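Worksheet: one structure, shown below.
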Amino acid sequence: MESTLVKEISCEGSADHREVFLTGMRCSACDRVAFPRQAYGCEQCGGTEGLEALDIPAKGVIVASALVHLHVRPEPAVPFAVASVRLDAGPMVRAILGELGLKPGARVKGVIEPATHVEKGLKAALRFARAES
Ligand SMILES: [Zn+2]
C-alpha cells in the first residue's frame with residue numbers, strides 16, 4: 001500500500017531550520033481549517049464549494065499519547081509512542097512521536113526522517129519531535 005501522507009508533506013527552509021507543512025484545506029464559507037485535504041465537503045458547514053488547499057504548519061501540542069509495545073509490523077520498532085496532536089491551526093492529527101517520554105501538554109513539531117518502513121513507495125516518515133515553545 002502506498003502512503004498518501006508523505007505526498008501531503010512539504011518542507012521549507014534550510015536543512016537545519018526546516019519547517020514541515022501538512023497540506024490541509026480551508027473552507028471559504030466558514031473558515032474551518034481541516035486536515036487532510038479532501039473533496040467530500042467541509043467538516044463544519046458541509047459546503048463543497050470553496051475548499052481551498054492550505055499549507056498547515058506541523059506544530060502543535062500533544063493532547064494524548066500512548067506507548068506501543070506490540071505491533072503487527074516489524075517497523076517502527078517497538079516501543080514507540082503515538083500521540084494525538086492538536087495543531088496550532090486547529091486540526092487534530094495522530095502521529096508517531098520521535099522520542100519516548102513526551103507527555104500531554106508538550107509542544108511538538110513535525111520532522112521528516114528517512115523512512116524505515118518496509119512498505120513500498122515510502123521514502124520518508126513524518127514524526128513529531130519536541131519543540132521549543
Ligand atoms: Zn465550511
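Labels for the C-alpha cells follow display order: chains A, B, ..., residues from 1 in each chain, ligands from 1.
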
List as a list in words the protein and nucleic acid residues near Ala39 of chain A, meaning an atom at most 12 Å away when only C-alpha atoms are counted, but skip any in the same chain fewer than 2 places from it.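 What passes the distance filter is Gly24, Met25, Arg26, Cys27, Ala34, Phe35, Pro36, Arg37, Gly41, Cys42, Glu43, Gly46, Gly47, Thr48, Glu49, Gly50, Leu51, Glu52 and Ala53 of chain A.
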
Within 8 Å of Val93 of chain A using only C-alpha atoms, minus same-chain residues under 5 positions, as a list in words: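 In the requested format, the answer is Phe35, Ser84, Val85, Arg86 and Leu87 of chain A.
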
For Val63 of chain A, find every residue with an atom within 12 Å (counting only C-alpha atoms), except residues of its own chain fewer than 6 positions away, and show them as a PyMOL selection string. chain A and resi 82-88+91-95+102-108

Pick from A:Arg18, A:Ala66, A:Ile112, A:Gly121, whichever lies nearest to Leu100 of chain A using only C-alpha atoms: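 Going through A:Arg18, A:Ala66, A:Ile112, A:Gly121 one by one, the smallest distance to Leu100 of chain A is for A:Ala66.
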
Tell me which of A:Ser28, A:Ile62, A:Ile96, A:Leu70 sits closest to ligand 1, counting only C-alpha atoms and all ligand atoms.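 Once distances to ligand 1 are computed over only C-alpha atoms and all ligand atoms, the minimum belongs to A:Ser28.
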
Excluding Glu99 of chain A and any residue of its chain fewer than 5 positions from it, enumerate the residues within 10 Å of it, using only C-alpha atoms, and give them as an NGL selection string. :A and (79-82 or 127-130)

Please produce a file of the residues just selected, as a compact mmCIF listing (two decimals), in the first residue's frame, where the atoms kept are N, CA and C atoms.
# COMPACT_ATOMS: atom_id res chain seq x y z
N PRO A 79 9.61 -0.26 21.61
CA PRO A 79 8.42 0.55 21.84
C PRO A 79 8.52 1.88 21.10
N PHE A 80 7.36 2.37 20.67
CA PHE A 80 7.29 3.72 20.12
C PHE A 80 6.03 4.38 20.67
N ALA A 81 5.97 5.69 20.52
CA ALA A 81 4.84 6.44 21.08
C ALA A 81 4.01 7.05 19.96
N VAL A 82 2.70 6.95 20.09
CA VAL A 82 1.79 7.64 19.19
C VAL A 82 1.06 8.71 20.01
N ARG A 127 7.49 12.43 11.75
CA ARG A 127 7.46 12.21 13.19
C ARG A 127 7.24 13.55 13.85
N PHE A 128 6.74 13.54 15.06
CA PHE A 128 6.62 14.78 15.82
C PHE A 128 7.64 14.74 16.94
N ALA A 129 8.42 15.79 17.03
CA ALA A 129 9.52 15.87 18.00
C ALA A 129 9.31 17.07 18.89
N ARG A 130 9.98 17.05 20.02
CA ARG A 130 9.90 18.15 20.99
C ARG A 130 10.24 19.48 20.29

Just the strand (DSSP E) stuff from segment 33-88 of chain A, please, per backbone DSSP, written as an MDAnalysis selection string. chainID A and resid 33:34 51:57 59:68 80:87

Could the residues in this selection be written to a file with N, CA and C atoms, as an mmCIF file, in the first residue's frame?
data_model
loop_
_atom_site.group_PDB
_atom_site.id
_atom_site.type_symbol
_atom_site.label_atom_id
_atom_site.label_comp_id
_atom_site.auth_asym_id
_atom_site.auth_seq_id
_atom_site.Cartn_x
_atom_site.Cartn_y
_atom_site.Cartn_z
ATOM 1 N N VAL A 33 -10.541 25.152 9.168
ATOM 2 C CA VAL A 33 -9.299 24.555 8.688
ATOM 3 C C VAL A 33 -9.342 23.083 9.037
ATOM 4 N N ALA A 34 -9.035 22.227 8.065
ATOM 5 C CA ALA A 34 -9.116 20.787 8.283
ATOM 6 C C ALA A 34 -7.929 20.077 7.654
ATOM 7 N N LEU A 51 -13.430 24.990 -1.213
ATOM 8 C CA LEU A 51 -12.498 24.259 -0.351
ATOM 9 C C LEU A 51 -11.102 24.459 -0.935
ATOM 10 N N GLU A 52 -10.303 25.287 -0.254
ATOM 11 C CA GLU A 52 -9.011 25.688 -0.782
ATOM 12 C C GLU A 52 -7.879 24.948 -0.078
ATOM 13 N N ALA A 53 -6.865 24.549 -0.847
ATOM 14 C CA ALA A 53 -5.690 23.921 -0.249
ATOM 15 C C ALA A 53 -5.003 24.914 0.667
ATOM 16 N N LEU A 54 -4.494 24.426 1.763
ATOM 17 C CA LEU A 54 -3.832 25.286 2.742
ATOM 18 C C LEU A 54 -2.655 24.528 3.340
ATOM 19 N N ASP A 55 -1.477 25.134 3.309
ATOM 20 C CA ASP A 55 -0.311 24.541 3.966
ATOM 21 C C ASP A 55 -0.381 24.862 5.448
ATOM 22 N N ILE A 56 -0.540 23.835 6.260
ATOM 23 C CA ILE A 56 -0.689 23.994 7.704
ATOM 24 C C ILE A 56 0.652 23.686 8.368
ATOM 25 N N PRO A 57 1.226 24.608 9.151
ATOM 26 C CA PRO A 57 2.464 24.290 9.867
ATOM 27 C C PRO A 57 2.245 23.078 10.783
ATOM 28 N N LYS A 59 2.900 22.085 13.669
ATOM 29 C CA LYS A 59 3.279 22.484 15.023
ATOM 30 C C LYS A 59 2.044 22.403 15.890
ATOM 31 N N GLY A 60 2.221 21.935 17.109
ATOM 32 C CA GLY A 60 1.063 21.866 17.983
ATOM 33 C C GLY A 60 1.414 21.338 19.350
ATOM 34 N N VAL A 61 0.392 20.855 20.033
ATOM 35 C CA VAL A 61 0.516 20.393 21.409
ATOM 36 C C VAL A 61 -0.040 18.975 21.510
ATOM 37 N N ILE A 62 0.673 18.131 22.239
ATOM 38 C CA ILE A 62 0.186 16.764 22.471
ATOM 39 C C ILE A 62 -1.034 16.819 23.378
ATOM 40 N N VAL A 63 -2.112 16.170 22.927
ATOM 41 C CA VAL A 63 -3.342 16.098 23.717
ATOM 42 C C VAL A 63 -3.407 14.760 24.467
ATOM 43 N N ALA A 64 -2.961 13.714 23.813
ATOM 44 C CA ALA A 64 -2.941 12.387 24.428
ATOM 45 C C ALA A 64 -1.827 11.579 23.780
ATOM 46 N N SER A 65 -1.286 10.619 24.526
ATOM 47 C CA SER A 65 -0.236 9.782 23.953
ATOM 48 C C SER A 65 -0.316 8.385 24.545
ATOM 49 N N ALA A 66 0.259 7.433 23.816
ATOM 50 C CA ALA A 66 0.282 6.052 24.282
ATOM 51 C C ALA A 66 1.560 5.394 23.791
ATOM 52 N N LEU A 67 2.086 4.503 24.603
ATOM 53 C CA LEU A 67 3.246 3.721 24.193
ATOM 54 C C LEU A 67 2.770 2.439 23.538
ATOM 55 N N VAL A 68 3.390 2.090 22.414
ATOM 56 C CA VAL A 68 3.062 0.855 21.712
ATOM 57 C C VAL A 68 4.184 -0.143 21.985
ATOM 58 N N PHE A 80 7.357 2.367 20.672
ATOM 59 C CA PHE A 80 7.286 3.720 20.124
ATOM 60 C C PHE A 80 6.034 4.385 20.670
ATOM 61 N N ALA A 81 5.975 5.688 20.523
ATOM 62 C CA ALA A 81 4.844 6.438 21.076
ATOM 63 C C ALA A 81 4.013 7.046 19.957
ATOM 64 N N VAL A 82 2.704 6.950 20.093
ATOM 65 C CA VAL A 82 1.787 7.635 19.194
ATOM 66 C C VAL A 82 1.064 8.707 20.009
ATOM 67 N N ALA A 83 0.663 9.751 19.314
ATOM 68 C CA ALA A 83 0.003 10.844 20.029
ATOM 69 C C ALA A 83 -1.062 11.492 19.166
ATOM 70 N N SER A 84 -2.048 12.041 19.823
ATOM 71 C CA SER A 84 -2.975 12.966 19.187
ATOM 72 C C SER A 84 -2.396 14.351 19.415
ATOM 73 N N VAL A 85 -2.186 15.059 18.324
ATOM 74 C CA VAL A 85 -1.581 16.388 18.385
ATOM 75 C C VAL A 85 -2.581 17.408 17.851
ATOM 76 N N ARG A 86 -2.893 18.392 18.678
ATOM 77 C CA ARG A 86 -3.753 19.496 18.239
ATOM 78 C C ARG A 86 -2.860 20.521 17.572
ATOM 79 N N LEU A 87 -2.967 20.630 16.245
ATOM 80 C CA LEU A 87 -2.154 21.602 15.525
ATOM 81 C C LEU A 87 -2.574 23.013 15.910
#

Pick from A:Asp31, A:Glu19, A:Glu132, A:Glu113: nearest to ligand 1, with only C-alpha atoms and all ligand atoms counted? A:Asp31

Could you jot down the atom CA of Glu75 of chain A to atom CA of Val20 of chain A separation for me, Å, one decimal place?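 Separation of atom CA of Glu75 of chain A and atom CA of Val20 of chain A: 22.6 Å.
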